[in-house]
$ cat query.csv   # CSV, C-alpha atoms and all ligand atoms
chain,number,residue,atom,x,y,z
M,836,MET,CA,15.0,0.8,18.6
M,837,THR,CA,12.5,3.0,16.8
M,838,ALA,CA,13.7,1.9,13.4
M,839,HIS,CA,13.5,-1.7,14.6
M,840,ARG,CA,9.9,-1.3,15.8
M,841,THR,CA,8.9,0.5,12.6
M,842,SER,CA,10.2,-2.5,10.5
M,843,MET,CA,8.4,-4.9,12.8
M,844,ILE,CA,5.1,-3.3,12.1
M,845,ALA,CA,5.7,-2.5,8.4
M,846,HIS,CA,2.8,-3.6,6.3
M,847,LYS,CA,3.4,-6.8,4.3
M,848,PRO,CA,1.1,-7.0,1.2
M,849,GLU,CA,-1.5,-9.6,2.1
M,850,LEU,CA,-2.0,-11.1,-1.3
M,851,LEU,CA,1.5,-11.0,-2.7
M,852,GLY,CA,2.1,-13.6,-5.5
M,853,GLN,CA,-1.7,-14.5,-5.6
M,854,THR,CA,-4.2,-14.2,-8.4
M,855,VAL,CA,-7.8,-13.1,-7.9
M,856,VAL,CA,-10.6,-13.5,-10.5
M,857,LEU,CA,-13.3,-10.9,-10.1
M,858,ILE,CA,-16.6,-11.8,-11.9
M,859,GLY,CA,-18.3,-8.5,-12.0
M,860,GLY,CA,-15.0,-6.6,-11.8
M,861,SER,CA,-15.7,-3.6,-14.0
M,862,ALA,CA,-17.9,-1.6,-11.5
M,863,GLY,CA,-19.1,-1.3,-7.9
M,864,ILE,CA,-17.9,-3.7,-5.3
M,865,GLY,CA,-16.0,-5.9,-7.7
M,866,LEU,CA,-14.0,-3.0,-9.2
M,867,GLU,CA,-13.2,-1.7,-5.7
M,868,ALA,CA,-12.1,-5.2,-4.6
M,869,ALA,CA,-9.8,-5.4,-7.7
M,870,ARG,CA,-8.2,-2.1,-6.8
M,871,ARG,CA,-7.5,-3.3,-3.2
M,872,ALA,CA,-6.3,-6.7,-4.3
M,873,ARG,CA,-3.7,-4.9,-6.6
M,874,ALA,CA,-2.7,-2.7,-3.7
M,875,GLU,CA,-2.1,-5.9,-1.6
M,876,GLY,CA,0.2,-7.3,-4.3
M,877,ALA,CA,-2.2,-9.6,-6.2
M,878,GLU,CA,-2.7,-10.0,-9.9
M,879,VAL,CA,-6.3,-9.6,-11.0
M,880,ILE,CA,-8.4,-10.9,-13.9
M,881,LEU,CA,-11.7,-9.1,-14.5
M,882,VAL,CA,-14.9,-10.4,-16.0
M,883,ALA,CA,-18.0,-8.4,-17.0
M,884,ARG,CA,-20.4,-8.4,-19.9
M,885,ARG,CA,-19.8,-5.0,-21.5
M,886,ALA,CA,-16.4,-4.7,-23.2
M,887,GLN,CA,-15.8,-1.0,-23.0
M,888,PRO,CA,-16.2,-0.4,-19.2
M,889,LEU,CA,-14.3,-3.6,-18.7
M,890,GLU,CA,-11.4,-2.4,-20.8
M,891,GLN,CA,-11.3,0.9,-18.9
M,892,ALA,CA,-11.4,-0.9,-15.5
M,893,ALA,CA,-8.7,-3.3,-16.5
M,894,ARG,CA,-6.5,-0.4,-17.6
M,895,ASP,CA,-7.2,1.5,-14.4
M,896,VAL,CA,-6.3,-1.3,-12.0
M,897,GLY,CA,-3.5,-2.8,-14.2
M,898,ALA,CA,-5.3,-6.1,-14.6
M,899,LEU,CA,-3.4,-9.2,-15.7
M,900,GLY,CA,-6.3,-10.2,-17.9
M,901,LYS,CA,-10.0,-9.5,-18.7
M,902,ALA,CA,-12.8,-11.3,-20.4
M,903,ALA,CA,-16.2,-10.0,-21.6
M,904,PHE,CA,-19.0,-12.5,-21.4
M,905,ASP,CA,-22.2,-13.1,-19.5
M,906,ALA,CA,-21.4,-15.2,-16.4
M,907,ASN,CA,-24.8,-17.0,-16.7
M,908,ASP,CA,-23.6,-18.4,-20.1
M,909,SER,CA,-22.2,-21.8,-18.9
M,910,THR,CA,-20.2,-22.5,-22.0
M,911,ALA,CA,-18.5,-19.1,-21.9
M,912,LEU,CA,-17.8,-19.5,-18.2
M,913,ALA,CA,-16.3,-22.9,-18.7
M,914,GLY,CA,-14.2,-21.7,-21.6
M,915,PHE,CA,-12.9,-18.7,-19.6
M,916,PHE,CA,-11.7,-20.9,-16.7
M,917,ARG,CA,-10.2,-23.4,-19.2
M,918,SER,CA,-8.3,-20.6,-20.8
M,919,LEU,CA,-6.5,-19.5,-17.6
M,920,ARG,CA,-3.0,-20.7,-17.5
M,921,GLU,CA,-2.0,-19.4,-14.1
M,922,PRO,CA,-3.3,-21.0,-10.9
M,923,ILE,CA,-6.0,-19.0,-9.1
M,924,ASP,CA,-6.1,-18.2,-5.5
M,925,HIS,CA,-9.5,-16.5,-5.0
M,926,VAL,CA,-12.6,-15.9,-7.1
M,927,PHE,CA,-15.0,-13.1,-6.1
M,928,VAL,CA,-18.4,-13.2,-7.8
M,929,THR,CA,-20.2,-9.8,-7.7
M,930,GLY,CA,-22.1,-10.2,-11.0
M,931,PRO,CA,-25.8,-10.3,-11.4
M,932,GLY,CA,-28.1,-8.3,-9.1
M,933,PRO,CA,-31.5,-9.2,-7.7
M,934,SER,CA,-34.9,-9.0,-9.5
M,935,TYR,CA,-37.6,-7.2,-7.5
M,936,LYS,CA,-41.2,-7.9,-8.5
M,937,PRO,CA,-44.4,-8.8,-6.6
M,938,LEU,CA,-44.6,-12.6,-6.3
M,939,LEU,CA,-48.0,-13.0,-8.0
M,940,GLU,CA,-46.9,-11.0,-11.0
M,941,MET,CA,-44.0,-13.3,-11.8
M,942,GLU,CA,-44.1,-15.8,-14.6
M,943,ILE,CA,-43.1,-19.3,-13.5
M,944,ALA,CA,-39.9,-19.1,-15.6
M,945,GLU,CA,-39.0,-15.9,-13.8
M,946,VAL,CA,-39.5,-17.6,-10.4
M,947,ARG,CA,-37.3,-20.5,-11.3
M,948,HIS,CA,-34.6,-18.1,-12.6
M,949,ALA,CA,-34.9,-15.8,-9.5
M,950,LEU,CA,-34.7,-18.7,-7.1
M,951,SER,CA,-31.9,-20.5,-8.6
M,952,ASP,CA,-29.7,-18.0,-10.6
M,953,HIS,CA,-27.3,-17.0,-7.8
M,954,ILE,CA,-26.9,-20.7,-6.7
M,955,ALA,CA,-26.7,-22.0,-10.2
M,956,LEU,CA,-24.0,-19.4,-11.1
M,957,ALA,CA,-22.1,-20.1,-7.9
M,958,LEU,CA,-22.1,-23.8,-8.6
M,959,GLU,CA,-21.0,-23.3,-12.2
M,960,VAL,CA,-18.2,-21.0,-11.0
M,961,ALA,CA,-17.2,-23.5,-8.3
M,962,ARG,CA,-17.1,-26.5,-10.7
M,963,ASN,CA,-15.0,-24.7,-13.2
M,964,ALA,CA,-12.7,-22.7,-10.9
M,965,ALA,CA,-11.9,-25.3,-8.2
M,966,PRO,CA,-9.6,-27.4,-10.4
M,967,LYS,CA,-7.5,-24.3,-11.0
M,968,MET,CA,-7.5,-23.0,-7.4
M,969,ARG,CA,-4.9,-23.6,-4.7
M,970,PRO,CA,-5.7,-23.8,-1.0
M,971,PRO,CA,-6.2,-21.9,1.1
M,972,GLY,CA,-7.9,-19.7,-1.5
M,973,THR,CA,-11.6,-18.8,-1.3
M,974,LEU,CA,-14.6,-18.7,-3.5
M,975,LEU,CA,-16.5,-15.6,-2.4
M,976,PHE,CA,-20.1,-14.9,-3.2
M,977,MET,CA,-22.4,-11.9,-2.6
M,978,GLY,CA,-25.7,-12.1,-0.8
M,979,GLY,CA,-27.8,-9.6,1.1
M,980,THR,CA,-29.2,-8.8,4.6
M,981,SER,CA,-32.3,-6.9,3.4
M,982,GLY,CA,-33.9,-10.1,2.2
M,983,ARG,CA,-34.0,-11.4,5.8
M,984,ARG,CA,-37.0,-9.1,6.4
M,985,ILE,CA,-40.3,-10.1,4.8
M,986,ASP,CA,-41.6,-7.1,2.9
M,987,ARG,CA,-44.1,-6.7,0.1
M,988,GLY,CA,-41.6,-4.9,-2.1
M,989,LEU,CA,-39.0,-7.7,-1.8
M,990,GLY,CA,-41.0,-10.4,-3.5
M,991,ILE,CA,-38.9,-13.5,-4.2
M,992,VAL,CA,-35.7,-11.8,-3.1
M,993,SER,CA,-36.1,-13.0,0.5
M,994,ALA,CA,-36.5,-16.7,-0.4
M,995,ALA,CA,-33.6,-16.5,-2.9
M,996,THR,CA,-31.1,-14.7,-0.6
M,997,ASN,CA,-31.9,-16.8,2.4
M,998,SER,CA,-30.9,-20.0,0.7
M,999,MET,CA,-27.3,-18.7,0.0
M,1000,PRO,CA,-25.7,-19.2,3.5
M,1001,SER,CA,-26.7,-22.9,3.6
M,1002,PHE,CA,-25.6,-23.4,0.0
M,1003,VAL,CA,-22.2,-21.8,0.7
M,1004,ALA,CA,-21.7,-23.9,3.8
M,1005,ALA,CA,-22.5,-27.1,2.0
M,1006,LEU,CA,-20.2,-26.2,-0.9
M,1007,ALA,CA,-17.4,-25.4,1.6
M,1008,ARG,CA,-17.7,-29.0,3.0
M,1009,GLU,CA,-17.4,-30.5,-0.5
M,1010,LEU,CA,-14.5,-28.3,-1.7
M,1011,ALA,CA,-12.3,-28.3,1.4
M,1012,PRO,CA,-9.5,-27.5,1.8
M,1013,LEU,CA,-10.5,-24.7,-0.6
M,1014,ARG,CA,-12.6,-22.2,1.3
M,1015,VAL,CA,-16.1,-20.9,0.4
M,1016,ASN,CA,-17.6,-17.8,1.9
M,1017,LEU,CA,-20.5,-15.3,1.5
M,1018,ILE,CA,-20.7,-11.6,2.1
M,1019,ALA,CA,-24.2,-10.3,2.9
M,1020,ALA,CA,-24.6,-6.6,2.3
M,1021,GLY,CA,-27.3,-4.1,2.9
M,1022,PHE,CA,-27.5,-0.9,0.8
M,1023,VAL,CA,-24.1,-0.3,-0.9
M,1024,ASP,CA,-23.7,2.9,-2.8
M,1025,THR,CA,-22.8,1.5,-6.2
M,1026,PRO,CA,-24.0,1.9,-9.8
M,1027,LEU,CA,-26.4,-1.0,-9.1
M,1028,SER,CA,-28.1,1.0,-6.3
M,1029,ALA,CA,-28.2,4.0,-8.5
M,1030,SER,CA,-29.9,2.1,-11.3
M,1031,LEU,CA,-32.4,0.4,-8.9
M,1032,LEU,CA,-33.3,3.6,-7.1
M,1033,GLY,CA,-33.1,6.2,-9.9
M,1034,ASP,CA,-34.1,9.6,-8.7
M,1035,GLN,CA,-34.8,8.3,-5.2
M,1036,LEU,CA,-31.1,7.6,-4.7
M,1037,GLN,CA,-30.1,10.8,-2.9
M,1038,ALA,CA,-33.2,10.6,-0.6
M,1039,ARG,CA,-32.2,7.0,0.3
M,1040,ARG,CA,-28.6,8.0,1.0
M,1041,GLU,CA,-29.9,10.7,3.3
M,1042,GLU,CA,-32.4,8.5,5.1
M,1043,LEU,CA,-29.8,5.8,5.7
M,1044,SER,CA,-27.2,8.4,6.9
M,1045,ARG,CA,-29.8,9.5,9.5
M,1046,THR,CA,-31.0,6.1,10.6
M,1047,LEU,CA,-28.1,3.6,10.3
M,1048,PRO,CA,-26.2,3.0,13.6
M,1049,ILE,CA,-23.0,3.9,11.7
M,1050,GLY,CA,-24.3,7.3,10.7
M,1051,ARG,CA,-23.3,7.0,7.0
M,1052,VAL,CA,-24.0,4.8,4.1
M,1053,VAL,CA,-21.9,1.7,3.2
M,1054,GLY,CA,-19.7,2.2,0.2
M,1055,PRO,CA,-18.1,-0.3,-2.2
M,1056,GLY,CA,-14.7,0.2,-0.4
M,1057,ASP,CA,-16.2,-1.1,2.8
M,1058,VAL,CA,-17.4,-4.3,1.2
M,1059,ALA,CA,-14.1,-4.7,-0.8
M,1060,ALA,CA,-12.1,-4.3,2.5
M,1061,LEU,CA,-14.1,-7.2,4.0
M,1062,ALA,CA,-13.6,-9.3,0.8
M,1063,LEU,CA,-9.9,-8.8,1.0
M,1064,HIS,CA,-9.9,-9.9,4.6
M,1065,VAL,CA,-11.8,-13.0,3.8
M,1066,MET,CA,-9.3,-13.8,1.1
M,1067,SER,CA,-6.3,-13.4,3.3
M,1068,ASN,CA,-7.6,-14.9,6.5
M,1069,SER,CA,-7.3,-18.7,5.9
M,1070,ALA,CA,-9.4,-19.5,9.0
M,1071,LEU,CA,-12.6,-18.4,7.4
M,1072,THR,CA,-14.8,-20.8,5.5
M,1073,ALA,CA,-18.4,-21.8,5.3
M,1074,ALA,CA,-19.3,-18.5,6.8
M,1075,THR,CA,-21.6,-15.5,6.0
M,1076,PHE,CA,-20.3,-12.1,6.8
M,1077,ASP,CA,-22.9,-9.3,7.3
M,1078,ILE,CA,-21.9,-5.8,6.2
M,1079,ASP,CA,-24.8,-3.4,6.3
M,1080,GLY,CA,-24.0,-0.7,8.9
M,1081,GLY,CA,-26.7,-2.1,11.1
M,1082,GLN,CA,-29.4,-1.7,8.4
M,1083,GLN,CA,-31.2,-5.0,9.4
M,1084,LEU,CA,-31.8,-3.6,12.9
M,1085,VAL,CA,-33.6,-0.5,11.7
M,1086,ALA,CA,-36.9,-0.2,9.8
O,1,LIG,N1,-25.3,-2.5,-4.2
O,1,LIG,C1,-26.0,-3.1,-3.3
O,1,LIG,O1,-26.7,-2.3,-2.5
O,1,LIG,C2,-25.9,-4.5,-3.0
O,1,LIG,C3,-26.5,-5.0,-1.8
O,1,LIG,C4,-26.5,-6.4,-1.5
O,1,LIG,C5,-25.9,-7.2,-2.5
O,1,LIG,N2,-25.4,-6.8,-3.6
O,1,LIG,C6,-24.9,-7.7,-4.6
O,1,LIG,O2,-23.5,-7.5,-4.8
O,1,LIG,C7,-23.2,-7.8,-6.2
O,1,LIG,C8,-22.5,-6.6,-6.8
O,1,LIG,O3,-23.3,-5.4,-6.7
O,1,LIG,P1,-22.7,-4.0,-7.2
O,1,LIG,O4,-23.6,-3.1,-6.5
O,1,LIG,O5,-21.3,-3.9,-7.1
O,1,LIG,O6,-23.2,-4.0,-8.7
O,1,LIG,P2,-22.8,-3.1,-9.9
O,1,LIG,O7,-22.2,-1.8,-9.5
O,1,LIG,O8,-23.9,-3.1,-10.9
O,1,LIG,O9,-21.6,-3.9,-10.6
O,1,LIG,C9,-21.8,-5.2,-11.1
O,1,LIG,C10,-20.6,-5.7,-11.9
O,1,LIG,O10,-21.0,-7.0,-12.4
O,1,LIG,C11,-21.0,-7.1,-13.8
O,1,LIG,N3,-22.1,-8.0,-14.2
O,1,LIG,C12,-23.4,-7.9,-13.9
O,1,LIG,N4,-24.1,-8.9,-14.4
O,1,LIG,C13,-23.1,-9.8,-15.0
O,1,LIG,C14,-23.2,-11.0,-15.6
O,1,LIG,N5,-24.4,-11.6,-15.8
O,1,LIG,N6,-22.0,-11.6,-16.1
O,1,LIG,C15,-20.8,-10.9,-15.9
O,1,LIG,N7,-20.7,-9.8,-15.3
O,1,LIG,C16,-21.8,-9.2,-14.8
O,1,LIG,C17,-21.2,-5.6,-14.2
O,1,LIG,O11,-20.7,-5.3,-15.5
O,1,LIG,P3,-21.6,-5.5,-16.8
O,1,LIG,O12,-22.9,-4.8,-16.5
O,1,LIG,O13,-20.8,-4.9,-17.9
O,1,LIG,O14,-21.8,-7.0,-17.0
O,1,LIG,C18,-20.3,-4.9,-13.2
O,1,LIG,O15,-19.0,-5.1,-13.5
O,1,LIG,C19,-24.6,-8.1,-6.9
O,1,LIG,O16,-24.7,-9.6,-6.9
O,1,LIG,C20,-25.6,-7.5,-6.0
O,1,LIG,O17,-26.8,-8.3,-6.0
O,1,LIG,C21,-25.4,-5.4,-3.9
$ encode --input "query.csv" --output "C-alpha cells" --more "lines below"
Ligand SMILES: NC(=O)c1ccc[n+]([C@@H]2O[C@H](COP(=O)([O-])OP(=O)(O)OC[C@H]3O[C@@H](n4cnc5c(N)ncnc54)[C@H](OP(=O)(O)O)[C@@H]3O)[C@@H](O)[C@H]2O)c1
Amino acid sequence: MTAHRTSMIAHKPELLGQTVVLIGGSAGIGLEAARRARAEGAEVILVARRAQPLEQAARDVGALGKAAFDANDSTALAGFFRSLREPIDHVFVTGPGPSYKPLLEMEIAEVRHALSDHIALALEVARNAAPKMRPPGTLLFMGGTSGRRIDRGLGIVSAATNSMPSFVAALARELAPLRVNLIAAGFVDTPLSASLLGDQLQARREELSRTLPIGRVVGPGDVAALALHVMSNSALTAATFDIDGGQQLVA
C-alpha cells in the first residue's frame, strides 16, 4: 500500500521531451530557468551576447545548443531561429534590462528606444519563433511591477513596462493556440540588480528583507520556478504574473 502510494505521487518531469529557448540564458533569471528546465527533463538552447559566460553556462547546464548574438539585432535573431532544426516548445526572453534616466534628459531616439525596445524585441521573437513552436508551448516575456508606481527616478520605465501586459494579451490572441505570457518582477537579486545598484546593493537587500511582506528578497530561483510553471500549465495564456514578494504594496 505504502509503495503504491509512493509511486502514485512520484514526481514526473514536467518538461520531458520538450525544448526551451532562453534568450538571456547565461546569467540571472534566464540561467536559473535553464537549470530548472533541465531538471524537469527539457533540452535547452541558450542565447546571450558575450560568448565566454555563455559557453560556461551552456556547459554548466548541459545545453543542447547556444548562440552568442545581440537579440536586438533582427537579422541575427531571424538567422538563429532559422538555424534551429528541432521544434521548440517554449521561449523565455530575459535579455535586455531597463534604462533609468530622468525624462527631460532623454534624447528623442532614446525615448523611442526605451518605449519600444521590449515590445519590438518580443514581436521579433514571436514572428521568428512561432513557426517553429508547437502548442501548447508559451512565449514568455519579462516585465516589472516597480514601474506601476510613478516615481521621479523611474523616468520612462513606467510607461514602457505598463504597455507590456496589453501587448502580451493581444499577441496571445493572434498566436493562439500557442500561448503568450508575461512575468512582472520587482527587485530580483541577480547580476543585473548588482550592476544597477553598485555599492548600494547590500543596503537594498537589507531594506527589502525588513520591509517586504515575505521577509526576504526575491531570488532568480523564485522567478525561474514561476517561469517553469507557466511553461507546463497549458491553461495559462494572455496573462501577467506578478512576483515581487509584495514590493508593490510597500513604499
Ligand atoms: N533583476 C531584477 O530586479 C529585474 C526586475 C524586473 C524585471 N527584470 C527583467 O528580467 C530580465 C532578466 O533580468 P536579470 O536580472 O536576470 O538580468 P541579468 O542577470 O543581467 O541577465 C541577463 C541575461 O540576458 C543576456 N542579455 C542581456 N541583453 C541581451 C541582449 N541584448 N541580447 C541577448 N542577450 C542579452 C545577458 O548576457 P549578455 O550580457 O552576455 O548578453 C544575460 O545572460 C530583464 O529583462 C530585466 O529587465 C529584472
$ residues_near_ligand --input "query.csv" --ligand "ligand LIG 1 (chain O)" --cutoff "7 Å" --atoms "all atoms listed in the file" --output "PyMOL selection string"
chain M and resi 858-866+882-886+888-889+904-907+929-933+977-979+1019-1028+1055
$ atom_distance --input "query.csv" --atom1 "atom CA of Gln891 of chain M" --atom2 "atom CA of Leu912 of chain M"
21.4 Å
$ residues_near_point --input "query.csv" --point "(-22.8, -26.8, -2.1)" --cutoff "12 Å" --atoms "only C-alpha atoms" --output "MDAnalysis selection string"
chainID M and resid 954:962 974 998:1011 1014:1016 1073
$ atom_distance --input "query.csv" --atom1 "atom CA of Thr1075 of chain M" --atom2 "atom CA of Ile1018 of chain M"
5.6 Å
$ closest_residue --input "query.csv" --among "M:Arg1051, M:Arg920, M:Lys847, M:His925" --to "Pro970 of chain M" --atoms "only C-alpha atoms"
M:His925
$ atom_distance --input "query.csv" --atom1 "atom CA of Ile880 of chain M" --atom2 "atom CA of Arg969 of chain M"
16.1 Å
$ closest_residue --input "query.csv" --among "M:Asp1079, M:Glu878, M:Asp986, M:Glu1041" --to "Asp924 of chain M" --atoms "all atoms listed in the file"
M:Glu878
$ residues_around --input "query.csv" --residues "Thr1046 of chain M" --least-positions-apart "4" --cutoff "8 Å" --atoms "all atoms listed in the file" --output "ChimeraX atom specification"
/M:1042,1050,1085
$ closest_residue --input "query.csv" --among "M:Ala903, M:Ala892, M:Val926, M:Leu1063" --to "Leu1013 of chain M" --atoms "only C-alpha atoms"
M:Val926
$ closest_residue --input "query.csv" --among "M:Gly897, M:Pro937, M:Pro1012, M:Pro922" --to "Thr854 of chain M" --atoms "all atoms listed in the file"
M:Pro922
$ residues_around --input "query.csv" --residues "Glu945 of chain M" --least-positions-apart "3" --cutoff "12 Å" --atoms "all atoms listed in the file" --output "PyMOL selection string"
chain M and resi 933-942+948-952+990-992
$ decode --input "query.csv" --residues "segment 996-1023 of chain M" --atoms "N, CA and C atoms" --output "PDB file, in the first residue's frame"
ATOM      1  N   THR M 996       6.975  49.749 -19.192  1.00  0.00           N
ATOM      2  CA  THR M 996       6.567  48.446 -18.635  1.00  0.00           C
ATOM      3  C   THR M 996       5.049  48.308 -18.596  1.00  0.00           C
ATOM      4  N   ASN M 997       4.342  49.432 -18.460  1.00  0.00           N
ATOM      5  CA  ASN M 997       2.884  49.314 -18.357  1.00  0.00           C
ATOM      6  C   ASN M 997       2.220  48.970 -19.683  1.00  0.00           C
ATOM      7  N   SER M 998       2.955  49.077 -20.772  1.00  0.00           N
ATOM      8  CA  SER M 998       2.360  48.684 -22.058  1.00  0.00           C
ATOM      9  C   SER M 998       2.480  47.171 -22.299  1.00  0.00           C
ATOM     10  N   MET M 999       3.328  46.508 -21.538  1.00  0.00           N
ATOM     11  CA  MET M 999       3.607  45.093 -21.831  1.00  0.00           C
ATOM     12  C   MET M 999       2.415  44.153 -21.623  1.00  0.00           C
ATOM     13  N   PRO M1000       1.642  44.287 -20.525  1.00  0.00           N
ATOM     14  CA  PRO M1000       0.532  43.331 -20.340  1.00  0.00           C
ATOM     15  C   PRO M1000      -0.465  43.359 -21.497  1.00  0.00           C
ATOM     16  N   SER M1001      -0.818  44.562 -21.999  1.00  0.00           N
ATOM     17  CA  SER M1001      -1.772  44.639 -23.113  1.00  0.00           C
ATOM     18  C   SER M1001      -1.160  44.055 -24.380  1.00  0.00           C
ATOM     19  N   PHE M1002       0.111  44.359 -24.600  1.00  0.00           N
ATOM     20  CA  PHE M1002       0.796  43.818 -25.777  1.00  0.00           C
ATOM     21  C   PHE M1002       0.794  42.289 -25.748  1.00  0.00           C
ATOM     22  N   VAL M1003       1.135  41.729 -24.598  1.00  0.00           N
ATOM     23  CA  VAL M1003       1.215  40.266 -24.466  1.00  0.00           C
ATOM     24  C   VAL M1003      -0.166  39.627 -24.682  1.00  0.00           C
ATOM     25  N   ALA M1004      -1.202  40.264 -24.149  1.00  0.00           N
ATOM     26  CA  ALA M1004      -2.555  39.712 -24.307  1.00  0.00           C
ATOM     27  C   ALA M1004      -2.973  39.748 -25.779  1.00  0.00           C
ATOM     28  N   ALA M1005      -2.659  40.860 -26.465  1.00  0.00           N
ATOM     29  CA  ALA M1005      -3.024  40.967 -27.880  1.00  0.00           C
ATOM     30  C   ALA M1005      -2.266  39.928 -28.710  1.00  0.00           C
ATOM     31  N   LEU M1006      -0.993  39.740 -28.395  1.00  0.00           N
ATOM     32  CA  LEU M1006      -0.184  38.749 -29.119  1.00  0.00           C
ATOM     33  C   LEU M1006      -0.722  37.339 -28.888  1.00  0.00           C
ATOM     34  N   ALA M1007      -1.188  37.092 -27.670  1.00  0.00           N
ATOM     35  CA  ALA M1007      -1.746  35.769 -27.350  1.00  0.00           C
ATOM     36  C   ALA M1007      -2.975  35.473 -28.198  1.00  0.00           C
ATOM     37  N   ARG M1008      -3.786  36.512 -28.459  1.00  0.00           N
ATOM     38  CA  ARG M1008      -4.966  36.312 -29.328  1.00  0.00           C
ATOM     39  C   ARG M1008      -4.518  35.929 -30.737  1.00  0.00           C
ATOM     40  N   GLU M1009      -3.490  36.619 -31.239  1.00  0.00           N
ATOM     41  CA  GLU M1009      -3.052  36.369 -32.616  1.00  0.00           C
ATOM     42  C   GLU M1009      -2.371  35.016 -32.776  1.00  0.00           C
ATOM     43  N   LEU M1010      -1.652  34.573 -31.740  1.00  0.00           N
ATOM     44  CA  LEU M1010      -0.825  33.371 -31.894  1.00  0.00           C
ATOM     45  C   LEU M1010      -1.504  32.087 -31.411  1.00  0.00           C
ATOM     46  N   ALA M1011      -2.686  32.208 -30.815  1.00  0.00           N
ATOM     47  CA  ALA M1011      -3.363  31.012 -30.303  1.00  0.00           C
ATOM     48  C   ALA M1011      -3.445  29.945 -31.403  1.00  0.00           C
ATOM     49  N   PRO M1012      -3.255  28.657 -31.105  1.00  0.00           N
ATOM     50  CA  PRO M1012      -3.214  28.054 -29.778  1.00  0.00           C
ATOM     51  C   PRO M1012      -1.853  28.099 -29.080  1.00  0.00           C
ATOM     52  N   LEU M1013      -0.821  28.733 -29.701  1.00  0.00           N
ATOM     53  CA  LEU M1013       0.384  28.981 -28.903  1.00  0.00           C
ATOM     54  C   LEU M1013      -0.011  29.929 -27.785  1.00  0.00           C
ATOM     55  N   ARG M1014       0.705  29.883 -26.697  1.00  0.00           N
ATOM     56  CA  ARG M1014       0.386  30.756 -25.560  1.00  0.00           C
ATOM     57  C   ARG M1014       1.438  31.863 -25.461  1.00  0.00           C
ATOM     58  N   VAL M1015       1.024  32.986 -24.861  1.00  0.00           N
ATOM     59  CA  VAL M1015       1.949  34.111 -24.637  1.00  0.00           C
ATOM     60  C   VAL M1015       1.672  34.647 -23.238  1.00  0.00           C
ATOM     61  N   ASN M1016       2.726  34.801 -22.447  1.00  0.00           N
ATOM     62  CA  ASN M1016       2.556  35.249 -21.059  1.00  0.00           C
ATOM     63  C   ASN M1016       3.682  36.194 -20.646  1.00  0.00           C
ATOM     64  N   LEU M1017       3.440  36.878 -19.544  1.00  0.00           N
ATOM     65  CA  LEU M1017       4.393  37.881 -19.031  1.00  0.00           C
ATOM     66  C   LEU M1017       4.607  37.663 -17.537  1.00  0.00           C
ATOM     67  N   ILE M1018       5.854  37.732 -17.121  1.00  0.00           N
ATOM     68  CA  ILE M1018       6.171  37.724 -15.691  1.00  0.00           C
ATOM     69  C   ILE M1018       6.601  39.137 -15.303  1.00  0.00           C
ATOM     70  N   ALA M1019       5.953  39.686 -14.278  1.00  0.00           N
ATOM     71  CA  ALA M1019       6.294  41.028 -13.800  1.00  0.00           C
ATOM     72  C   ALA M1019       6.977  40.886 -12.440  1.00  0.00           C
ATOM     73  N   ALA M1020       8.266  41.186 -12.410  1.00  0.00           N
ATOM     74  CA  ALA M1020       9.045  41.023 -11.177  1.00  0.00           C
ATOM     75  C   ALA M1020       9.313  42.372 -10.523  1.00  0.00           C
ATOM     76  N   GLY M1021       9.575  42.342  -9.212  1.00  0.00           N
ATOM     77  CA  GLY M1021      10.100  43.514  -8.524  1.00  0.00           C
ATOM     78  C   GLY M1021      11.616  43.371  -8.488  1.00  0.00           C
ATOM     79  N   PHE M1022      12.232  43.724  -7.363  1.00  0.00           N
ATOM     80  CA  PHE M1022      13.685  43.501  -7.221  1.00  0.00           C
ATOM     81  C   PHE M1022      13.945  42.002  -7.241  1.00  0.00           C
ATOM     82  N   VAL M1023      14.882  41.584  -8.094  1.00  0.00           N
ATOM     83  CA  VAL M1023      15.355  40.194  -8.094  1.00  0.00           C
ATOM     84  C   VAL M1023      16.869  40.251  -7.931  1.00  0.00           C
TER      85      VAL M1023
END
